[in-house]
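Peer 1: Enclosed is the structure file coords_8.csv (CSV, C-alpha atoms and all ligand atoms).
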chain,number,residue,atom,x,y,z
Z,20,MET,CA,110.1,121.6,98.8
Z,21,ALA,CA,107.6,120.9,96.0
Z,22,LEU,CA,106.8,117.3,95.6
Z,23,ARG,CA,104.7,117.1,92.4
Z,24,ILE,CA,105.1,113.5,91.7
Z,25,GLN,CA,102.9,111.5,89.4
Z,26,SER,CA,104.4,108.1,90.0
Z,27,VAL,CA,106.7,107.2,92.9
Z,28,PRO,CA,108.3,104.0,93.9
Z,29,LEU,CA,108.0,103.1,97.6
Z,30,ASP,CA,111.7,103.7,98.1
Z,31,PHE,CA,111.7,107.2,96.6
Z,32,HIS,CA,113.4,109.7,98.9
Z,33,PRO,CA,113.0,113.4,98.0
Z,34,GLY,CA,115.2,115.4,100.5
Z,35,ASN,CA,114.8,113.9,103.9
Z,36,LEU,CA,111.3,112.5,103.4
Z,37,SER,CA,110.8,108.8,102.8
Z,38,LEU,CA,107.8,106.6,102.4
Z,39,ARG,CA,107.7,103.2,104.2
Z,40,ARG,CA,105.3,100.8,105.7
Z,41,ALA,CA,104.1,101.6,109.2
Z,42,ARG,CA,105.5,99.9,112.2
Z,43,LEU,CA,104.0,99.3,115.6
Z,44,SER,CA,106.5,101.8,117.0
Z,45,ASP,CA,104.8,104.5,114.8
Z,46,LEU,CA,101.4,104.0,116.6
Z,47,GLY,CA,101.8,106.9,119.0
Z,48,GLU,CA,102.6,109.5,116.3
Z,49,ILE,CA,100.0,108.1,113.9
Z,50,HIS,CA,97.4,108.3,116.6
Z,51,GLN,CA,98.4,111.9,117.5
Z,52,LEU,CA,98.3,113.1,113.9
Z,53,ILE,CA,94.9,111.5,113.2
Z,54,SER,CA,93.5,112.8,116.5
Z,55,TYR,CA,94.8,116.3,115.6
Z,56,TRP,CA,92.6,116.4,112.5
Z,57,ALA,CA,89.7,114.4,114.1
Z,58,ALA,CA,89.5,117.1,116.8
Z,59,ARG,CA,89.0,119.6,114.1
Z,60,GLY,CA,86.2,117.6,112.5
Z,61,ARG,CA,88.2,116.7,109.4
Z,62,MET,CA,88.4,112.9,109.8
Z,63,LEU,CA,87.2,110.0,111.9
Z,64,VAL,CA,89.0,109.4,115.2
Z,65,ARG,CA,90.8,106.1,115.6
Z,66,SER,CA,91.9,104.5,118.8
Z,67,GLU,CA,95.5,103.2,119.2
Z,68,ALA,CA,94.0,99.7,119.7
Z,69,LEU,CA,92.2,99.9,116.4
Z,70,LEU,CA,95.3,101.3,114.6
Z,71,ALA,CA,97.3,98.5,116.1
Z,72,GLU,CA,94.9,95.9,114.7
Z,73,THR,CA,95.2,97.4,111.2
Z,74,ILE,CA,98.8,98.6,111.3
Z,75,ARG,CA,99.7,96.5,108.2
Z,76,ASP,CA,97.3,98.7,106.2
Z,77,PHE,CA,99.3,101.8,106.8
Z,78,PHE,CA,102.1,103.7,105.1
Z,79,VAL,CA,103.9,106.6,106.7
Z,80,LEU,CA,106.0,109.5,105.4
Z,81,GLU,CA,108.9,110.1,107.7
Z,82,ASP,CA,111.0,113.3,107.7
Z,83,GLN,CA,114.5,112.9,109.0
Z,84,LEU,CA,115.0,116.2,110.7
Z,85,ALA,CA,118.5,115.2,112.0
Z,86,PRO,CA,120.3,111.9,112.4
Z,87,GLY,CA,118.2,109.8,114.8
Z,88,GLU,CA,115.4,112.5,114.9
Z,89,ASP,CA,112.4,111.6,112.7
Z,90,ARG,CA,109.0,113.2,112.5
Z,91,LEU,CA,105.8,111.6,111.0
Z,92,ALA,CA,104.9,113.9,108.1
Z,93,GLY,CA,101.9,111.9,106.9
Z,94,VAL,CA,100.1,108.7,107.1
Z,95,VAL,CA,97.6,106.7,105.0
Z,96,GLY,CA,95.9,103.3,105.2
Z,97,LEU,CA,94.6,101.0,102.4
Z,98,HIS,CA,92.1,98.7,103.9
Z,99,LEU,CA,90.7,95.8,101.8
Z,100,LEU,CA,86.9,95.7,101.9
Z,101,GLY,CA,86.7,92.7,99.5
Z,102,PRO,CA,88.4,91.3,96.4
Z,103,ASP,CA,87.4,94.2,94.2
Z,104,LEU,CA,87.5,97.2,96.6
Z,105,GLY,CA,89.9,98.9,98.9
Z,106,GLU,CA,89.3,101.9,101.1
Z,107,VAL,CA,91.8,104.7,101.5
Z,108,ARG,CA,91.4,105.6,105.1
Z,109,GLY,CA,93.3,107.4,107.9
Z,110,LEU,CA,94.8,109.8,105.4
Z,111,ALA,CA,96.5,112.7,107.3
Z,112,VAL,CA,99.3,115.1,106.5
Z,113,HIS,CA,101.1,117.0,109.4
Z,114,PRO,CA,99.8,120.6,109.6
Z,115,GLU,CA,103.3,121.9,108.8
Z,116,TYR,CA,103.6,119.9,105.6
Z,117,GLN,CA,100.3,120.8,103.9
Z,118,ARG,CA,100.0,121.5,100.2
Z,119,ARG,CA,103.5,120.2,99.3
Z,120,GLY,CA,102.3,117.1,97.5
Z,121,LEU,CA,102.5,114.7,100.4
Z,122,GLY,CA,98.8,113.8,100.4
Z,123,ARG,CA,99.0,112.9,96.7
Z,124,TRP,CA,102.1,110.9,97.4
Z,125,LEU,CA,100.4,108.9,100.1
Z,126,VAL,CA,97.4,108.2,97.8
Z,127,LEU,CA,99.8,107.1,95.1
Z,128,ALA,CA,101.3,104.6,97.6
Z,129,CYS,CA,97.8,103.1,98.0
Z,130,GLU,CA,97.3,103.0,94.2
Z,131,ARG,CA,100.6,101.2,93.8
Z,132,GLU,CA,99.7,98.7,96.5
Z,133,ALA,CA,96.3,98.2,94.8
Z,134,ARG,CA,98.1,97.5,91.5
Z,135,ASP,CA,100.5,95.0,93.2
Z,136,LEU,CA,97.4,93.2,94.6
Z,137,ALA,CA,95.4,93.4,91.3
Z,138,LEU,CA,92.8,95.3,93.3
Z,139,PRO,CA,90.6,97.1,90.6
Z,140,SER,CA,89.2,100.0,92.6
Z,141,LEU,CA,89.7,102.4,95.5
Z,142,PHE,CA,87.1,104.0,97.6
Z,143,ALA,CA,87.3,106.9,100.1
Z,144,TRP,CA,84.9,108.8,102.5
Z,145,THR,CA,86.1,112.4,102.7
Z,146,TYR,CA,85.3,116.0,103.3
Z,147,GLU,CA,88.1,116.8,100.9
Z,148,GLN,CA,86.4,116.3,97.5
Z,149,ARG,CA,88.8,118.7,95.6
Z,150,PHE,CA,91.9,116.9,96.9
Z,151,PHE,CA,90.6,113.5,95.9
Z,152,GLU,CA,89.5,114.9,92.5
Z,153,ALA,CA,93.1,116.1,92.0
Z,154,CYS,CA,94.1,112.5,92.7
Z,155,GLY,CA,91.8,111.2,90.0
Z,156,PHE,CA,88.9,110.1,92.2
Z,157,GLU,CA,85.2,110.9,91.3
Z,158,ARG,CA,82.3,111.5,93.5
Z,159,ILE,CA,79.7,108.6,93.5
Z,160,ASP,CA,76.1,108.5,94.6
Z,161,LYS,CA,75.5,107.3,98.1
Z,162,SER,CA,72.6,105.1,96.8
Z,163,HIS,CA,75.1,103.1,94.7
Z,164,LEU,CA,77.6,102.2,97.4
Z,165,HIS,CA,78.8,98.7,98.1
Z,166,PRO,CA,77.5,97.6,101.6
Z,167,ARG,CA,81.0,97.1,102.9
Z,168,VAL,CA,81.9,100.8,102.6
Z,169,TRP,CA,79.6,101.4,105.6
Z,170,SER,CA,81.8,99.2,107.8
Z,171,GLU,CA,83.3,102.0,110.0
Z,172,CYS,CA,80.2,104.1,110.1
Z,173,GLN,CA,78.6,102.4,113.1
Z,174,ARG,CA,81.3,103.8,115.4
Z,175,CYS,CA,81.1,107.3,113.8
Z,176,PRO,CA,79.5,110.0,116.0
Z,177,PHE,CA,78.0,111.5,112.8
Z,178,PHE,CA,76.4,108.3,111.6
Z,179,GLU,CA,72.9,109.8,111.6
Z,180,ASN,CA,74.0,113.0,109.9
Z,181,CYS,CA,76.9,112.1,107.7
Z,182,GLN,CA,78.3,114.8,105.5
Z,183,GLU,CA,81.3,112.8,104.2
Z,184,ILE,CA,81.5,112.4,100.4
Z,185,PRO,CA,82.0,109.0,98.9
Z,186,MET,CA,84.6,108.9,96.1
Z,187,ARG,CA,86.0,106.2,93.9
Z,188,LYS,CA,88.9,105.6,91.5
Z,189,VAL,CA,89.3,102.8,89.1
Z,190,VAL,CA,92.9,101.5,89.3
Z,191,ALA,CA,94.1,100.7,85.8
Z,192,PRO,CA,96.4,97.7,85.8
Z,193,GLY,CA,100.0,98.5,85.0
Z,194,ASP,CA,99.6,102.3,85.1
Z,201,LIG,C1,93.5,116.5,102.6
Z,201,LIG,C2,95.0,116.3,102.8
Z,201,LIG,C3,95.4,114.9,103.1
Z,201,LIG,C4,95.7,116.9,101.5
Z,201,LIG,O1,97.1,116.7,101.7
Z,201,LIG,P1,98.2,117.7,101.1
Z,201,LIG,O2,99.5,117.2,101.2
Z,201,LIG,O3,97.9,119.1,101.7
Z,201,LIG,O4,97.7,117.8,99.6
Z,201,LIG,P2,98.6,117.8,98.3
Z,201,LIG,O5,99.6,118.9,98.4
Z,201,LIG,O6,99.1,116.5,98.0
Z,201,LIG,O7,97.6,118.3,97.2
Z,201,LIG,C5,97.3,117.5,96.0
Z,201,LIG,C6,96.3,118.3,95.1
Z,201,LIG,O8,95.1,118.5,95.9
Z,201,LIG,C7,94.8,119.9,96.0
Z,201,LIG,N1,94.3,120.1,97.3
Z,201,LIG,C8,94.8,119.7,98.5
Z,201,LIG,N2,94.0,120.1,99.5
Z,201,LIG,C9,93.0,120.7,98.9
Z,201,LIG,C10,91.8,121.4,99.5
Z,201,LIG,N3,91.6,121.4,100.8
Z,201,LIG,N4,91.0,122.0,98.6
Z,201,LIG,C11,91.2,121.9,97.3
Z,201,LIG,N5,92.3,121.3,96.7
Z,201,LIG,C12,93.1,120.7,97.5
Z,201,LIG,C13,96.2,120.6,95.8
Z,201,LIG,O9,96.0,121.9,95.4
Z,201,LIG,C14,96.8,119.7,94.8
Z,201,LIG,O10,96.3,120.0,93.5
Z,201,LIG,P3,97.2,120.3,92.2
Z,201,LIG,O11,98.3,119.2,92.2
Z,201,LIG,O12,96.3,120.3,91.1
Z,201,LIG,O13,97.8,121.6,92.6
Z,201,LIG,C15,95.6,117.2,104.0
Z,201,LIG,O14,95.1,118.5,103.8
Z,201,LIG,C16,95.1,116.7,105.4
Z,201,LIG,O15,95.8,116.0,106.1
Z,201,LIG,N6,93.9,117.2,105.8
Z,201,LIG,C17,93.4,116.9,107.1
Z,201,LIG,C18,92.9,115.5,107.3
Z,201,LIG,C19,92.0,115.1,106.1
Z,201,LIG,O16,91.1,115.8,105.7
Z,201,LIG,N7,92.2,113.9,105.6
Z,201,LIG,C20,91.4,113.3,104.6
Z,201,LIG,C21,90.5,112.3,105.2
Z,201,LIG,S1,89.8,111.3,103.9
In structure tokens, what does this structure look like?
Ligand SMILES: CC(C)(COP(=O)(O)OP(=O)(O)OC[C@H]1O[C@@H](n2cnc3c(N)ncnc32)[C@H](O)[C@@H]1OP(=O)(O)O)[C@@H](O)C(=O)NCCC(=O)NCCS

Peer 2:
Amino acid sequence: MALRIQSVPLDFHPGNLSLRRARLSDLGEIHQLISYWAARGRMLVRSEALLAETIRDFFVLEDQLAPGEDRLAGVVGLHLLGPDLGEVRGLAVHPEYQRRGLGRWLVLACEREARDLALPSLFAWTYEQRFFEACGFERIDKSHLHPRVWSECQRCPFFENCQEIPMRKVVAPGD
């Protein structure tokens, strides 16, 4: 199923996929999905305890495989770093759902949330520069970063030798 969606309401349901806010009952699956990609060096690992503390940041894409049988197809978090900056973090799409527009859909959910909050810009650390560029982000120079964007770095094993790319997107009001 191709999901090339530019603007989606939070209650949009293509096929059996639906986007909703995360619940504490999603913690196990969110942790598994993030751990899957973290083990492959693609993103920062997050403990279930840390995910629980920040569960209100997260959106999930759920695939209803059969009545009563759901699978987490993707997850993303929007974490406020201050009144003018939010970080897209914990973005992960299930390996069987790659390149079908779900990653973009999750980033759009963060953008919509940012607009609702009147948050003017989004930030992300990533190895996936091309993906974020496709979502309208631009690479920024590490020397120009807001100090708050380093908040998670102290617990990162690659802190001394970070290869992640900082990217930013201005959120136009009412887009
Ligand atoms: C990165 C990730 C979230 C992308 O999700 P996805 O659902 O596969 O991506 P989408 O299908 O929404 O792609 C949106 C656009 O980005 C492009 N894109 C996606 N991944 C890309 C990649 N690795 N390299 C280049 N372009 C890429 C797609 O071609 C598409 O562009 P188009 O609309 O111009 O054709 C997913 O691959 C993932 O979960 N990766 C592992 C974890 C990770 O790296 N998370 C990011 C941490 S910040």

Peer 1: Can you work out which one of Z:Met186, Z:Leu136, Z:Leu80, Z:Ile53 has the shortest atom-to-atom distance to Glu152 (chain Z), counting all atoms listed in the file?

Peer 2: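 Of Z:Met186, Z:Leu136, Z:Leu80, Z:Ile53, the one nearest Glu152 (chain Z), counting all atoms listed in the file, is Z:Met186.
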
Peer 1: Name each residue within 6 Å of ligand LIG 201 (chain Z), counting only C-alpha atoms and all ligand atoms, as a PyMOL selection string.

Peer 2: chain Z and resi 56+61-62+110-112+117-123+144-145+147+149-150+153

Peer 1: With C-alpha atoms retained, write the just-selected residues as an mmCIF file, in the frame of the given file.

Peer 2:
data_model
loop_
_atom_site.group_PDB
_atom_site.id
_atom_site.type_symbol
_atom_site.label_atom_id
_atom_site.label_comp_id
_atom_site.auth_asym_id
_atom_site.auth_seq_id
_atom_site.Cartn_x
_atom_site.Cartn_y
_atom_site.Cartn_z
ATOM 1 C CA TRP Z 56 92.600 116.400 112.500
ATOM 2 C CA ARG Z 61 88.200 116.700 109.400
ATOM 3 C CA MET Z 62 88.400 112.900 109.800
ATOM 4 C CA LEU Z 110 94.800 109.800 105.400
ATOM 5 C CA ALA Z 111 96.500 112.700 107.300
ATOM 6 C CA VAL Z 112 99.300 115.100 106.500
ATOM 7 C CA GLN Z 117 100.300 120.800 103.900
ATOM 8 C CA ARG Z 118 100.000 121.500 100.200
ATOM 9 C CA ARG Z 119 103.500 120.200 99.300
ATOM 10 C CA GLY Z 120 102.300 117.100 97.500
ATOM 11 C CA LEU Z 121 102.500 114.700 100.400
ATOM 12 C CA GLY Z 122 98.800 113.800 100.400
ATOM 13 C CA ARG Z 123 99.000 112.900 96.700
ATOM 14 C CA TRP Z 144 84.900 108.800 102.500
ATOM 15 C CA THR Z 145 86.100 112.400 102.700
ATOM 16 C CA GLU Z 147 88.100 116.800 100.900
ATOM 17 C CA ARG Z 149 88.800 118.700 95.600
ATOM 18 C CA PHE Z 150 91.900 116.900 96.900
ATOM 19 C CA ALA Z 153 93.100 116.100 92.000
#

Peer 1: Under the rule that only C-alpha atoms are counted, which of Z:Val190, Z:Ala58, Z:Ala68, Z:Val94 is the nearest residue to Ala133 (chain Z)?

Peer 2: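 Result for the nearest residue to Ala133 (chain Z): Z:Val190.
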
Peer 1: Return the single residue from Z:Leu125, Z:Glu67, Z:Ser140, Z:Asp82 that is closest to Pro102 (chain Z), with distances computed using only C-alpha atoms.

Peer 2: Z:Ser140

Peer 1: Any idea what's packed within 12 Å of Pro166 (chain Z), counting all atoms listed in the file, ignoring anything in its chain fewer than 6 positions away? Could you give it as a PyMOL selection string?

Peer 2: chain Z and resi 100-101+104+172

Peer 1: Would you save the residues of that selection, restricted to C-alpha atoms, as an mmCIF file, in the frame of the given file?

Peer 2:
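File written: again.cif
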data_model
loop_
_atom_site.group_PDB
_atom_site.id
_atom_site.type_symbol
_atom_site.label_atom_id
_atom_site.label_comp_id
_atom_site.auth_asym_id
_atom_site.auth_seq_id
_atom_site.Cartn_x
_atom_site.Cartn_y
_atom_site.Cartn_z
ATOM 1 C CA LEU Z 100 86.900 95.700 101.900
ATOM 2 C CA GLY Z 101 86.700 92.700 99.500
ATOM 3 C CA LEU Z 104 87.500 97.200 96.600
ATOM 4 C CA CYS Z 172 80.200 104.100 110.100
#

Peer 1: Point out the residue among Z:Arg42, Z:Arg59, Z:Lys188, Z:His98 with the least atom-to-atom distance to Pro114 (chain Z), counting only C-alpha atoms.

Peer 2: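 The closest residue to Pro114 (chain Z) is Z:Arg59.
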
Peer 1: If we count all atoms listed in the file and set the cut-off at 10 Å, which residues sit around Gly60 (chain Z), ignoring sequence neighbours fewer than 5 positions away in its own chain? Please answer as a list in words.

Peer 2: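 Those residues are Ser54, Tyr55 and Tyr146 of chain Z.
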
Peer 1: Of the candidates Z:Leu97, Z:Cys181, Z:Leu91, Z:Leu63, which one gets nearest to Phe77 (chain Z) if we count all atoms listed in the file?

Peer 2: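 For Phe77 (chain Z), the nearest of the candidates is Z:Leu97.
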
Peer 1: Considering all atoms listed in the file, state which residue in the set Z:Gln51, Z:Gln148, Z:Ser66, Z:Ser170 is at the smallest distance from Ile184 (chain Z).

Peer 2: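 The closest residue to Ile184 (chain Z) is Z:Gln148.
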
Peer 1: In Å, rounded to a single decimal, give me how far CA of Gly93 (chain Z) is from CA of Arg39 (chain Z).

Peer 2: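 According to the coordinates, CA of Arg39 (chain Z) and CA of Gly93 (chain Z) are separated by 10.8 Å.
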
Peer 1: Residues around (106.1, 102.2, 102.9), cut-off 9 Å, counting all atoms listed in the file - what are they as a short mmCIF file (atom, residue, chain, number, x, y, z; two decimals) with C-alpha atoms, in the coordinates of the input?

Peer 2:
data_model
loop_
_atom_site.label_atom_id
_atom_site.label_comp_id
_atom_site.auth_asym_id
_atom_site.auth_seq_id
_atom_site.Cartn_x
_atom_site.Cartn_y
_atom_site.Cartn_z
CA LEU Z 29 108.00 103.10 97.60
CA ASP Z 30 111.70 103.70 98.10
CA SER Z 37 110.80 108.80 102.80
CA LEU Z 38 107.80 106.60 102.40
CA ARG Z 39 107.70 103.20 104.20
CA ARG Z 40 105.30 100.80 105.70
CA ALA Z 41 104.10 101.60 109.20
CA PHE Z 77 99.30 101.80 106.80
CA PHE Z 78 102.10 103.70 105.10
CA VAL Z 79 103.90 106.60 106.70
CA LEU Z 80 106.00 109.50 105.40
CA ALA Z 128 101.30 104.60 97.60
#

Peer 1: Would you mind reading off the distance between CA of Ile74 (chain Z) and CA of Arg134 (chain Z), one decimal, in Å?

Peer 2: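 Distance reported for this atom pair: 19.8 Å.
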
Peer 1: I'd like the interatomic distance between CA of Glu183 (chain Z) and CA of Glu157 (chain Z), to a tenth of an Å.

Peer 2: 13.6 Å

Peer 1: Report as a ChimeraX atom specification all protein, DNA and RNA residues lying within 8 Å of Pro185 (chain Z), evaluated on only C-alpha atoms, omitting residues in the same chain fewer than 5 positions from it.

Peer 2: /Z:142-145,158-161
